[in-house]
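A short worksheet on the structure shown next.
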Amino acid sequence: MNFARVAGSTALLLASLLGVAGSAQALDFKSVGAAPVVLYDAPSEKGRRVALAPRGMPVEVVLTYGEWTKVRDASGDLSWLQSKGLVAKRNLQVSVANAKIRTNPDDAAAVAFTADKGVLLELLDPVASGWAKVRHRDGQTGYVKAAEVWGD
């Protein structure tokens, strides 16, 4: 047996697997659509119902299996929901008490409005330089620190 060739093949396989794992790091976020959806512990309506996700709630897509999607919520809990209940529109959930949404992406900018923990904000522009442009459901817009929201 040629151990050098086996060792080389093993190293190549390991490098390939690490490359796949590295490329799988991009997070995919979606939001619950216009109607609340039931969260299950398995990809089936026969699974145990664990919660009801309100409309607009952001979720991280972990896996899609047929008509079912495994998601992670802001608290880190994993569950399954029917894929048709998700939309591509991106919402962020405020994760701190009294987040300051500013007129510009700068700590020195004026505060446009504040949002309490749990409030949903529509993502208008992707996070850049640690800030995300958002809109509140009442129409106010501004920039929030990415560290103060979940779902980006």
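Residue numbering restarts at 1 for every chain of the structure tokens, chains are lettered A, B, ... in their displayed order, and ligands are numbered from 1 as they appear.
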Legend entry - Contact residues around A:Ser75 with only C-alpha atoms at 12 Å, ignoring same-chain residues under 6 positions, as a list in words: Met57, Pro58, Val59, Glu60, Gln93, Val94, Ser95, Gly118, Trp150 and Gly151 of chain A
Inset, instruction - Fewer than 2 positions away in the same chain doesn't count, so skip those; otherwise give me all residues within 7 Å of A:Thr114, counting only C-alpha atoms, as a ChimeraX atom specification. - result: /A:98-101,116
Legend entry - DSSP alpha helix (DSSP H) residues within chain A, listed as a PyMOL selection string: chain A and resi 3-23
Legend entry - Long-range neighbours of stretch 29-33 of chain A as a PyMOL selection string, 12 Å cut-off, only C-alpha atoms, 3 positions minimum in chain: chain A and resi 26+36-39+52-63+69-74+81-93+120-123+126+150-152
Inset, instruction - Figure out the distance between atom CA of A:Arg137 and atom CA of A:Gly76, please, to one decimal in Å. - result: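 Distance reported for this atom pair: 24.8 Å.
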Legend entry - Residue list (strand (DSSP E or B), DSSP) for stretch 61-92 of chain A, as a PyMOL selection string: chain A and resi 61-65+68-72+78-82+86-87+91-92
Inset, instruction - Measuring atom to atom with only C-alpha atoms, identify which of A:Ala112, A:Val149, A:Val134, A:Leu78 is nearest to A:Val96. - result: A:Val149
Legend entry - Atomic separation - atom CA of A:Leu124 relative to atom CA of A:Gln140, Å: 11.7 Å
Inset, instruction - Could you check which of A:Ser129, A:Ser44, A:Asn104, A:Thr141 is closest to A:Ser79, using only C-alpha atoms? - result: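 That would be A:Ser44, the residue with the smallest distance to A:Ser79.
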Legend entry - Pick from A:Trp80, A:Tyr143, A:His136, A:Val127, whichever lies nearest to A:Asp107 using only C-alpha atoms: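 Once distances to A:Asp107 are computed over only C-alpha atoms, the minimum belongs to A:Tyr143.
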Inset, instruction - Would you work out the distance separating atom CA of A:Thr64 from atom CA of A:Asp28, expressed in Å to one decimal? - result: 11.2 Å
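Look at A:Gly130: the protein and nucleic acid residues within 10 Å of it, using only C-alpha atoms and passing over chain neighbours fewer than 5 places away, are Pro105, Asp106, Tyr143, Val144, Lys145, Ala146, Ala147 and Glu148 of chain A.
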Output file for the selection above: all heavy atoms, as a PDB file, in the first residue's frame:
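Generated output (result.pdb):
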```
ATOM      1  N   PRO A 105     -25.723  56.524   9.673  1.00  0.00           N
ATOM      2  CA  PRO A 105     -24.988  55.425  10.320  1.00  0.00           C
ATOM      3  C   PRO A 105     -23.761  55.913  11.084  1.00  0.00           C
ATOM      4  O   PRO A 105     -22.623  55.686  10.690  1.00  0.00           O
ATOM      5  CB  PRO A 105     -24.614  54.523   9.137  1.00  0.00           C
ATOM      6  CG  PRO A 105     -24.538  55.442   7.968  1.00  0.00           C
ATOM      7  CD  PRO A 105     -25.573  56.502   8.225  1.00  0.00           C
ATOM      8  N   ASP A 106     -24.013  56.607  12.188  1.00  0.00           N
ATOM      9  CA  ASP A 106     -22.937  57.212  12.969  1.00  0.00           C
ATOM     10  C   ASP A 106     -23.444  57.412  14.393  1.00  0.00           C
ATOM     11  O   ASP A 106     -24.567  57.901  14.591  1.00  0.00           O
ATOM     12  CB  ASP A 106     -22.566  58.557  12.330  1.00  0.00           C
ATOM     13  CG  ASP A 106     -21.366  59.212  12.972  1.00  0.00           C
ATOM     14  OD1 ASP A 106     -21.210  59.147  14.208  1.00  0.00           O
ATOM     15  OD2 ASP A 106     -20.565  59.801  12.224  1.00  0.00           O
ATOM     16  N   TYR A 143     -31.026  54.312  10.864  1.00  0.00           N
ATOM     17  CA  TYR A 143     -29.949  53.327  10.908  1.00  0.00           C
ATOM     18  C   TYR A 143     -29.802  52.802  12.331  1.00  0.00           C
ATOM     19  O   TYR A 143     -29.766  53.570  13.281  1.00  0.00           O
ATOM     20  CB  TYR A 143     -28.624  53.956  10.459  1.00  0.00           C
ATOM     21  CG  TYR A 143     -28.648  54.370   9.016  1.00  0.00           C
ATOM     22  CD1 TYR A 143     -29.158  55.601   8.636  1.00  0.00           C
ATOM     23  CD2 TYR A 143     -28.167  53.509   8.033  1.00  0.00           C
ATOM     24  CE1 TYR A 143     -29.192  55.975   7.297  1.00  0.00           C
ATOM     25  CE2 TYR A 143     -28.194  53.880   6.692  1.00  0.00           C
ATOM     26  CZ  TYR A 143     -28.719  55.110   6.339  1.00  0.00           C
ATOM     27  OH  TYR A 143     -28.743  55.468   5.022  1.00  0.00           O
ATOM     28  N   VAL A 144     -29.687  51.480  12.439  1.00  0.00           N
ATOM     29  CA  VAL A 144     -29.521  50.836  13.732  1.00  0.00           C
ATOM     30  C   VAL A 144     -28.211  50.062  13.711  1.00  0.00           C
ATOM     31  O   VAL A 144     -27.812  49.525  12.670  1.00  0.00           O
ATOM     32  CB  VAL A 144     -30.721  49.907  14.049  1.00  0.00           C
ATOM     33  CG1 VAL A 144     -30.815  48.754  13.080  1.00  0.00           C
ATOM     34  CG2 VAL A 144     -30.661  49.396  15.494  1.00  0.00           C
ATOM     35  N   LYS A 145     -27.556  49.999  14.861  1.00  0.00           N
ATOM     36  CA  LYS A 145     -26.340  49.193  14.965  1.00  0.00           C
ATOM     37  C   LYS A 145     -26.696  47.726  14.792  1.00  0.00           C
ATOM     38  O   LYS A 145     -27.655  47.239  15.412  1.00  0.00           O
ATOM     39  CB  LYS A 145     -25.666  49.403  16.320  1.00  0.00           C
ATOM     40  CG  LYS A 145     -24.951  50.712  16.472  1.00  0.00           C
ATOM     41  CD  LYS A 145     -24.239  50.738  17.813  1.00  0.00           C
ATOM     42  CE  LYS A 145     -23.454  52.017  17.952  1.00  0.00           C
ATOM     43  NZ  LYS A 145     -22.748  52.056  19.244  1.00  0.00           N
ATOM     44  N   ALA A 146     -25.929  47.040  13.994  1.00  0.00           N
ATOM     45  CA  ALA A 146     -26.187  45.611  13.748  1.00  0.00           C
ATOM     46  C   ALA A 146     -26.125  44.813  15.046  1.00  0.00           C
ATOM     47  O   ALA A 146     -26.838  43.817  15.186  1.00  0.00           O
ATOM     48  CB  ALA A 146     -25.186  45.066  12.726  1.00  0.00           C
ATOM     49  N   ALA A 147     -25.321  45.228  15.989  1.00  0.00           N
ATOM     50  CA  ALA A 147     -25.184  44.511  17.262  1.00  0.00           C
ATOM     51  C   ALA A 147     -26.440  44.635  18.126  1.00  0.00           C
ATOM     52  O   ALA A 147     -26.573  43.909  19.101  1.00  0.00           O
ATOM     53  CB  ALA A 147     -23.969  45.049  18.020  1.00  0.00           C
ATOM     54  N   GLU A 148     -27.370  45.535  17.777  1.00  0.00           N
ATOM     55  CA  GLU A 148     -28.560  45.745  18.576  1.00  0.00           C
ATOM     56  C   GLU A 148     -29.806  45.077  18.008  1.00  0.00           C
ATOM     57  O   GLU A 148     -30.902  45.244  18.529  1.00  0.00           O
ATOM     58  CB  GLU A 148     -28.818  47.249  18.742  1.00  0.00           C
ATOM     59  CG  GLU A 148     -27.693  47.931  19.514  1.00  0.00           C
ATOM     60  CD  GLU A 148     -27.932  49.413  19.740  1.00  0.00           C
ATOM     61  OE1 GLU A 148     -28.881  49.994  19.153  1.00  0.00           O
ATOM     62  OE2 GLU A 148     -27.178  50.005  20.526  1.00  0.00           O
TER      63      GLU A 148
END
```
